[in-house]
file entry-v9.txt (compact mmCIF, C-alpha atoms)
# COMPACT_ATOMS: atom_id res chain seq x y z
CA MET J 233 68.42 -42.20 18.80
CA SER J 234 67.19 -43.83 15.61
CA SER J 235 69.20 -45.11 12.70
CA LEU J 236 68.65 -44.39 9.04
CA HIS J 237 67.03 -47.78 8.45
CA ASP J 238 64.54 -47.13 11.29
CA LEU J 239 63.13 -43.85 9.88
CA ARG J 240 59.37 -43.81 9.26
CA ASN J 241 56.85 -41.16 8.21
CA ALA J 242 54.85 -39.53 10.99
CA GLU J 243 51.41 -41.05 11.66
CA GLY J 244 48.93 -39.84 9.00
CA ALA J 245 51.59 -38.12 6.88
CA ARG J 246 51.05 -40.41 3.89
CA GLN J 247 47.84 -41.69 2.41
CA ASP J 248 47.33 -44.21 -0.34
CA ALA J 249 46.16 -42.66 -3.62
CA PHE J 250 42.38 -42.81 -3.81
CA ARG J 251 41.40 -44.87 -6.85
CA LYS J 252 38.33 -43.34 -8.43
CA GLY J 253 35.85 -45.07 -10.70
CA ARG J 254 36.29 -48.58 -9.34
CA GLY J 255 32.61 -49.52 -8.99
CA ARG J 256 29.66 -48.51 -6.82
CA GLY J 257 31.02 -50.22 -3.75
CA SER J 258 34.10 -47.99 -3.68
CA GLY J 259 31.98 -44.94 -2.81
CA ASN J 260 33.29 -43.13 -5.85
CA GLY J 261 32.15 -45.16 -8.84
CA LYS J 262 30.21 -44.45 -12.03
CA THR J 263 30.95 -40.75 -12.73
CA ALA J 264 33.95 -40.82 -10.35
CA GLY J 265 33.29 -37.37 -8.86
CA LYS J 266 33.12 -35.64 -12.24
CA GLY J 267 29.36 -35.08 -12.30
CA GLN J 268 27.39 -35.79 -15.44
CA LYS J 269 28.27 -34.67 -18.95
CA GLY J 270 30.03 -31.45 -19.79
CA GLN J 271 33.65 -30.55 -20.45
CA GLY J 272 34.95 -31.67 -17.06
CA ALA J 273 33.29 -35.08 -17.34
CA HIS J 274 34.98 -35.91 -20.61
CA ASN J 275 38.66 -36.36 -21.29
CA HIS J 276 39.27 -32.71 -22.20
CA THR J 277 41.80 -30.56 -20.44
CA LYS J 278 41.46 -26.79 -20.29
CA SER J 279 44.56 -24.86 -21.30
CA ASN J 280 46.29 -22.60 -18.81
CA GLY J 281 44.47 -19.29 -18.65
CA TYR J 282 41.25 -20.63 -20.21
CA GLU J 283 38.27 -18.65 -18.93
CA GLY J 284 35.25 -20.49 -20.29
CA GLY J 285 35.16 -18.78 -23.68
CA GLN J 286 35.52 -15.27 -22.25
CA THR J 287 38.57 -13.42 -23.63
CA PRO J 288 41.41 -14.39 -21.26
CA ILE J 289 42.94 -11.70 -19.05
CA ALA J 290 46.30 -12.09 -20.80
CA ARG J 291 44.66 -10.87 -24.00
CA ARG J 292 42.50 -8.17 -22.39
CA LEU J 293 45.28 -6.32 -20.60
CA PRO J 294 47.80 -4.11 -22.41
CA LYS J 295 51.35 -5.37 -22.59
CA PHE J 296 54.00 -3.42 -20.71
CA GLY J 297 57.76 -3.04 -21.05
CA SER J 298 60.00 -2.73 -24.02
CA ARG J 299 59.37 -4.80 -27.10
CA LYS J 300 61.86 -5.60 -29.80
CA THR J 301 60.83 -4.60 -33.29
CA HIS J 302 61.89 -6.32 -36.48
CA THR J 303 64.56 -3.65 -36.95
CA GLY J 304 66.15 -4.28 -33.56
CA VAL J 305 66.17 -2.55 -30.22
CA LYS J 306 65.52 1.19 -30.06
CA THR J 307 68.42 3.44 -29.04
CA VAL J 308 67.74 5.15 -25.71
CA TYR J 309 69.72 8.29 -24.91
CA ALA J 310 70.31 10.06 -21.62
CA THR J 311 69.14 13.57 -22.51
CA VAL J 312 70.55 16.88 -21.29
CA SER J 313 69.12 20.27 -22.21
CA LEU J 314 71.10 23.47 -22.81
CA ASP J 315 69.70 25.13 -19.69
CA LYS J 316 71.33 22.39 -17.55
CA LEU J 317 74.69 23.05 -19.24
CA GLU J 318 74.20 26.77 -18.55
CA LYS J 319 73.44 26.14 -14.89
CA TYR J 320 76.19 23.63 -14.02
CA PHE J 321 79.21 24.57 -16.17
CA ASP J 322 81.58 27.55 -16.37
CA ASN J 323 82.84 29.24 -19.51
CA GLY J 324 85.33 27.07 -21.45
CA ALA J 325 84.46 23.81 -19.61
CA VAL J 326 84.65 20.40 -21.28
CA VAL J 327 81.36 18.53 -20.99
CA ASN J 328 81.20 14.76 -21.53
CA ALA J 329 79.32 11.75 -20.16
CA ALA J 330 81.77 11.17 -17.30
CA VAL J 331 81.43 14.77 -16.06
CA LEU J 332 77.63 14.67 -16.39
CA LEU J 333 77.52 11.47 -14.31
CA GLU J 334 79.89 12.92 -11.72
CA LYS J 335 77.75 16.07 -11.32
CA ARG J 336 74.61 13.87 -11.22
CA ILE J 337 73.01 15.65 -14.15
CA ILE J 338 72.31 12.22 -15.65
CA ARG J 339 71.79 9.01 -13.71
CA LYS J 340 72.90 6.52 -16.37
CA GLU J 341 74.72 6.87 -19.65
CA LEU J 342 72.38 4.36 -21.36
CA ASP J 343 73.22 4.20 -25.12
CA GLY J 344 74.91 7.60 -24.98
CA VAL J 345 74.18 11.24 -24.19
CA LYS J 346 72.05 13.46 -26.42
CA ILE J 347 72.12 17.26 -26.04
CA LEU J 348 68.76 18.94 -26.62
CA GLY J 349 68.16 22.59 -27.52
CA ASN J 350 65.80 23.47 -24.63
CA GLY J 351 66.77 26.66 -22.80
CA LYS J 352 69.33 29.34 -23.51
CA LEU J 353 73.12 29.00 -23.49
CA THR J 354 75.42 31.99 -22.92
CA LYS J 355 78.72 30.21 -22.22
CA LYS J 356 81.36 28.88 -24.61
CA LEU J 357 81.56 25.11 -23.96
CA ILE J 358 83.26 22.09 -25.52
CA VAL J 359 80.54 19.43 -25.52
CA GLU J 360 81.28 15.77 -26.35
CA ALA J 361 78.15 13.66 -26.84
CA LYS J 362 76.85 10.85 -28.99
CA SER J 363 74.11 12.99 -30.51
CA PHE J 364 72.90 16.60 -30.72
CA SER J 365 69.63 18.13 -31.78
CA ALA J 366 70.06 20.61 -34.62
CA SER J 367 69.11 23.58 -32.42
CA ALA J 368 71.53 22.54 -29.65
CA LYS J 369 74.44 22.13 -32.07
CA LYS J 370 73.71 25.54 -33.62
CA ALA J 371 73.46 27.25 -30.19
CA ILE J 372 76.80 25.79 -28.99
CA GLU J 373 78.65 26.66 -32.20
CA ASP J 374 77.16 30.18 -32.42
CA LEU J 375 78.86 31.01 -29.12
CA GLY J 376 82.25 29.74 -30.38
CA GLY J 377 82.00 26.37 -28.57
CA GLU J 378 82.47 22.92 -30.03
CA ALA J 379 79.85 20.19 -30.45
CA LYS J 380 81.88 16.99 -30.88
CA VAL J 381 79.98 13.87 -31.92
CA ILE J 382 81.66 10.81 -30.38
CA ALA J 383 81.14 7.27 -31.63
call {"tool": "encode", "arguments": {"input": "entry-v9.txt", "output": "structure tokens"}}
result
Amino acid sequence: MSSLHDLRNAEGARQDAFRKGRGRGSGNGKTAGKGQKGQGAHNHTKSNGYEGGQTPIARRLPKFGSRKTHTGVKTVYATVSLDKLEKYFDNGAVVNAAVLLEKRIIRKELDGVKILGNGKLTKKLIVEAKSFSASAKKAIEDLGGEAKVIA
């Protein structure tokens, strides 16, 4: 068993730094492995992503994901159409985000629920949502239901 003061690196694990450009006799003198002339021979460093004057890939490819605009982040609603309300709810039911999540009509609430006017509604419902399309609000209220906008 060895002690802490006896520890050594394994044979060949460490090498001394090779000092380039220290004369002909060193085996790596004069141009010091950099060839002759050109960008690599001089003291210039290429920036990350530099591709020899060709437009770099980071500029050629489209950017993905959401981007903030100067006005702030866009509001993203979980949308539900009238035909879904027709299919999943009985006459006189109260529809809100919690019920929609429970019935797995929406996966996430996001910034709120928006009711869209796609499809036909024949049932009187009380719908509580953050936003309504004009046609959805009209369709709900025409049947005697309520379209409550919640903050």
call {"tool": "atom_distance", "arguments": {"input": "entry-v9.txt", "atom1": "atom CA of Lys380 of chain J", "atom2": "atom CA of Lys306 of chain J"}}
result
22.8 Å
call {"tool": "atom_distance", "arguments": {"input": "entry-v9.txt", "atom1": "atom CA of Glu318 of chain J", "atom2": "atom CA of Lys335 of chain J"}}
result
13.4 Å
call {"tool": "residues_near_point", "arguments": {"input": "entry-v9.txt", "point": "(80.2, 31.7, -25.2)", "cutoff": "9 Å", "atoms": "only C-alpha atoms", "output": "PyMOL selection string"}}
result
chain J and resi 323-324+353-357+372-377
call {"tool": "write_last_selection", "arguments": {"input": "entry-v9.txt", "atoms": "C-alpha atoms", "output": "PDB file, in the frame of the given file"}}
result
ATOM      1  CA  ASN J 323      82.840  29.240 -19.510  1.00  0.00           C
ATOM      2  CA  GLY J 324      85.330  27.070 -21.450  1.00  0.00           C
ATOM      3  CA  LEU J 353      73.120  29.000 -23.490  1.00  0.00           C
ATOM      4  CA  THR J 354      75.420  31.990 -22.920  1.00  0.00           C
ATOM      5  CA  LYS J 355      78.720  30.210 -22.220  1.00  0.00           C
ATOM      6  CA  LYS J 356      81.360  28.880 -24.610  1.00  0.00           C
ATOM      7  CA  LEU J 357      81.560  25.110 -23.960  1.00  0.00           C
ATOM      8  CA  ILE J 372      76.800  25.790 -28.990  1.00  0.00           C
ATOM      9  CA  GLU J 373      78.650  26.660 -32.200  1.00  0.00           C
ATOM     10  CA  ASP J 374      77.160  30.180 -32.420  1.00  0.00           C
ATOM     11  CA  LEU J 375      78.860  31.010 -29.120  1.00  0.00           C
ATOM     12  CA  GLY J 376      82.250  29.740 -30.380  1.00  0.00           C
ATOM     13  CA  GLY J 377      82.000  26.370 -28.570  1.00  0.00           C
TER      14      GLY J 377
END
call {"tool": "atom_distance", "arguments": {"input": "entry-v9.txt", "atom1": "atom CA of Ser363 of chain J", "atom2": "atom CA of Leu333 of chain J"}}
result
16.6 Å
call {"tool": "residues_around", "arguments": {"input": "entry-v9.txt", "residues": "Ala379 of chain J", "least_positions_apart": "5", "cutoff": "8 Å", "atoms": "all atoms listed in the file", "output": "ChimeraX atom specification"}}
result
/J:358-361,364,369,372-373
call {"tool": "write_last_selection", "arguments": {"input": "entry-v9.txt", "atoms": "C-alpha atoms", "output": "short mmCIF file (atom, residue, chain, number, x, y, z; two decimals), in the frame of the given file"}}
result
data_model
loop_
_atom_site.label_atom_id
_atom_site.label_comp_id
_atom_site.auth_asym_id
_atom_site.auth_seq_id
_atom_site.Cartn_x
_atom_site.Cartn_y
_atom_site.Cartn_z
CA ILE J 358 83.26 22.09 -25.52
CA VAL J 359 80.54 19.43 -25.52
CA GLU J 360 81.28 15.77 -26.35
CA ALA J 361 78.15 13.66 -26.84
CA PHE J 364 72.90 16.60 -30.72
CA LYS J 369 74.44 22.13 -32.07
CA ILE J 372 76.80 25.79 -28.99
CA GLU J 373 78.65 26.66 -32.20
#
call {"tool": "closest_residue", "arguments": {"input": "entry-v9.txt", "among": "J:Ser258, J:Gly284, J:Ala366, J:Ala242", "to": "Gln271 of chain J", "atoms": "all atoms listed in the file"}}
result
J:Gly284
call {"tool": "closest_residue", "arguments": {"input": "entry-v9.txt", "among": "J:Leu317, J:Gln268, J:Glu378, J:Asp343", "to": "Val331 of chain J", "atoms": "all atoms listed in the file"}}
result
J:Leu317
call {"tool": "residues_around", "arguments": {"input": "entry-v9.txt", "residues": "Arg336 of chain J", "least_positions_apart": "4", "cutoff": "12 Å", "atoms": "only C-alpha atoms", "output": "PDB file with C-alpha atoms, keeping the file's coordinate frame"}}
result
ATOM      1  CA  ALA J 310      70.310  10.060 -21.620  1.00  0.00           C
ATOM      2  CA  VAL J 312      70.550  16.880 -21.290  1.00  0.00           C
ATOM      3  CA  LYS J 316      71.330  22.390 -17.550  1.00  0.00           C
ATOM      4  CA  TYR J 320      76.190  23.630 -14.020  1.00  0.00           C
ATOM      5  CA  ALA J 329      79.320  11.750 -20.160  1.00  0.00           C
ATOM      6  CA  ALA J 330      81.770  11.170 -17.300  1.00  0.00           C
ATOM      7  CA  VAL J 331      81.430  14.770 -16.060  1.00  0.00           C
ATOM      8  CA  LEU J 332      77.630  14.670 -16.390  1.00  0.00           C
ATOM      9  CA  LYS J 340      72.900   6.520 -16.370  1.00  0.00           C
ATOM     10  CA  GLU J 341      74.720   6.870 -19.650  1.00  0.00           C
TER      11      GLU J 341
END
call {"tool": "axis_aligned_box", "arguments": {"input": "entry-v9.txt", "around": "segment 262-269 of chain J", "padding_each_side": "3 Å", "output": "JSON"}}
result
{"center_x": 30.7, "center_y": -39.6, "center_z": -13.9, "size_x": 12.6, "size_y": 15.8, "size_z": 16.1}
call {"tool": "build_atoms", "arguments": {"input": "entry-v9.txt", "residues": "segment 348-377 of chain J", "atoms": "N, CA and C atoms", "output": "short mmCIF file (atom, residue, chain, number, x, y, z; two decimals), keeping the file's coordinate frame"}}
result
data_model
loop_
_atom_site.label_atom_id
_atom_site.label_comp_id
_atom_site.auth_asym_id
_atom_site.auth_seq_id
_atom_site.Cartn_x
_atom_site.Cartn_y
_atom_site.Cartn_z
N LEU J 348 69.97 18.37 -26.03
CA LEU J 348 68.76 18.94 -26.62
C LEU J 348 68.80 20.47 -26.52
N GLY J 349 68.10 21.14 -27.42
CA GLY J 349 68.16 22.59 -27.52
C GLY J 349 67.21 23.36 -26.62
N ASN J 350 66.70 22.77 -25.53
CA ASN J 350 65.80 23.47 -24.63
C ASN J 350 66.59 24.47 -23.78
N GLY J 351 66.10 25.67 -23.63
CA GLY J 351 66.77 26.66 -22.80
C GLY J 351 67.72 27.52 -23.60
N LYS J 352 68.43 28.40 -22.86
CA LYS J 352 69.33 29.34 -23.51
C LYS J 352 70.75 29.14 -22.97
N LEU J 353 71.73 29.17 -23.87
CA LEU J 353 73.12 29.00 -23.49
C LEU J 353 73.86 30.31 -23.75
N THR J 354 74.66 30.74 -22.75
CA THR J 354 75.42 31.99 -22.92
C THR J 354 76.92 31.77 -22.75
N LYS J 355 77.32 30.51 -22.49
CA LYS J 355 78.72 30.21 -22.22
C LYS J 355 79.34 29.40 -23.36
N LYS J 356 80.62 29.62 -23.59
CA LYS J 356 81.36 28.88 -24.61
C LYS J 356 81.79 27.55 -23.98
N LEU J 357 81.27 26.44 -24.50
CA LEU J 357 81.56 25.11 -23.96
C LEU J 357 82.06 24.17 -25.04
N ILE J 358 82.85 23.17 -24.62
CA ILE J 358 83.26 22.09 -25.52
C ILE J 358 82.43 20.88 -25.07
N VAL J 359 81.48 20.49 -25.89
CA VAL J 359 80.54 19.43 -25.52
C VAL J 359 80.81 18.19 -26.37
N GLU J 360 81.05 17.06 -25.68
CA GLU J 360 81.28 15.77 -26.35
C GLU J 360 80.10 14.87 -26.03
N ALA J 361 79.33 14.52 -27.04
CA ALA J 361 78.15 13.66 -26.84
C ALA J 361 77.96 12.77 -28.06
N LYS J 362 77.11 11.78 -27.90
CA LYS J 362 76.85 10.85 -28.99
C LYS J 362 75.93 11.47 -30.04
N SER J 363 75.06 12.39 -29.58
CA SER J 363 74.11 12.99 -30.51
C SER J 363 73.72 14.39 -30.04
N PHE J 364 73.35 15.24 -30.99
CA PHE J 364 72.90 16.60 -30.72
C PHE J 364 71.64 16.87 -31.52
N SER J 365 70.73 17.64 -30.95
CA SER J 365 69.63 18.13 -31.78
C SER J 365 70.20 19.28 -32.60
N ALA J 366 69.56 19.57 -33.71
CA ALA J 366 70.06 20.61 -34.62
C ALA J 366 70.15 21.96 -33.92
N SER J 367 69.13 22.28 -33.11
CA SER J 367 69.11 23.58 -32.42
C SER J 367 70.20 23.66 -31.35
N ALA J 368 70.49 22.55 -30.68
CA ALA J 368 71.53 22.54 -29.65
C ALA J 368 72.90 22.73 -30.29
N LYS J 369 73.14 22.02 -31.38
CA LYS J 369 74.44 22.13 -32.07
C LYS J 369 74.66 23.57 -32.56
N LYS J 370 73.62 24.17 -33.12
CA LYS J 370 73.71 25.54 -33.62
C LYS J 370 73.99 26.51 -32.47
N ALA J 371 73.30 26.35 -31.34
CA ALA J 371 73.46 27.25 -30.19
C ALA J 371 74.87 27.17 -29.62
N ILE J 372 75.44 25.97 -29.53
CA ILE J 372 76.80 25.79 -28.99
C ILE J 372 77.83 26.41 -29.93
N GLU J 373 77.68 26.16 -31.22
CA GLU J 373 78.65 26.66 -32.20
C GLU J 373 78.53 28.17 -32.44
N ASP J 374 77.36 28.73 -32.27
CA ASP J 374 77.16 30.18 -32.42
C ASP J 374 77.93 30.98 -31.37
N LEU J 375 78.15 30.36 -30.20
CA LEU J 375 78.86 31.01 -29.12
C LEU J 375 80.38 30.74 -29.18
N GLY J 376 80.84 30.04 -30.23
CA GLY J 376 82.25 29.74 -30.38
C GLY J 376 82.67 28.45 -29.70
N GLY J 377 81.71 27.67 -29.21
CA GLY J 377 82.00 26.37 -28.57
C GLY J 377 82.11 25.28 -29.61
#
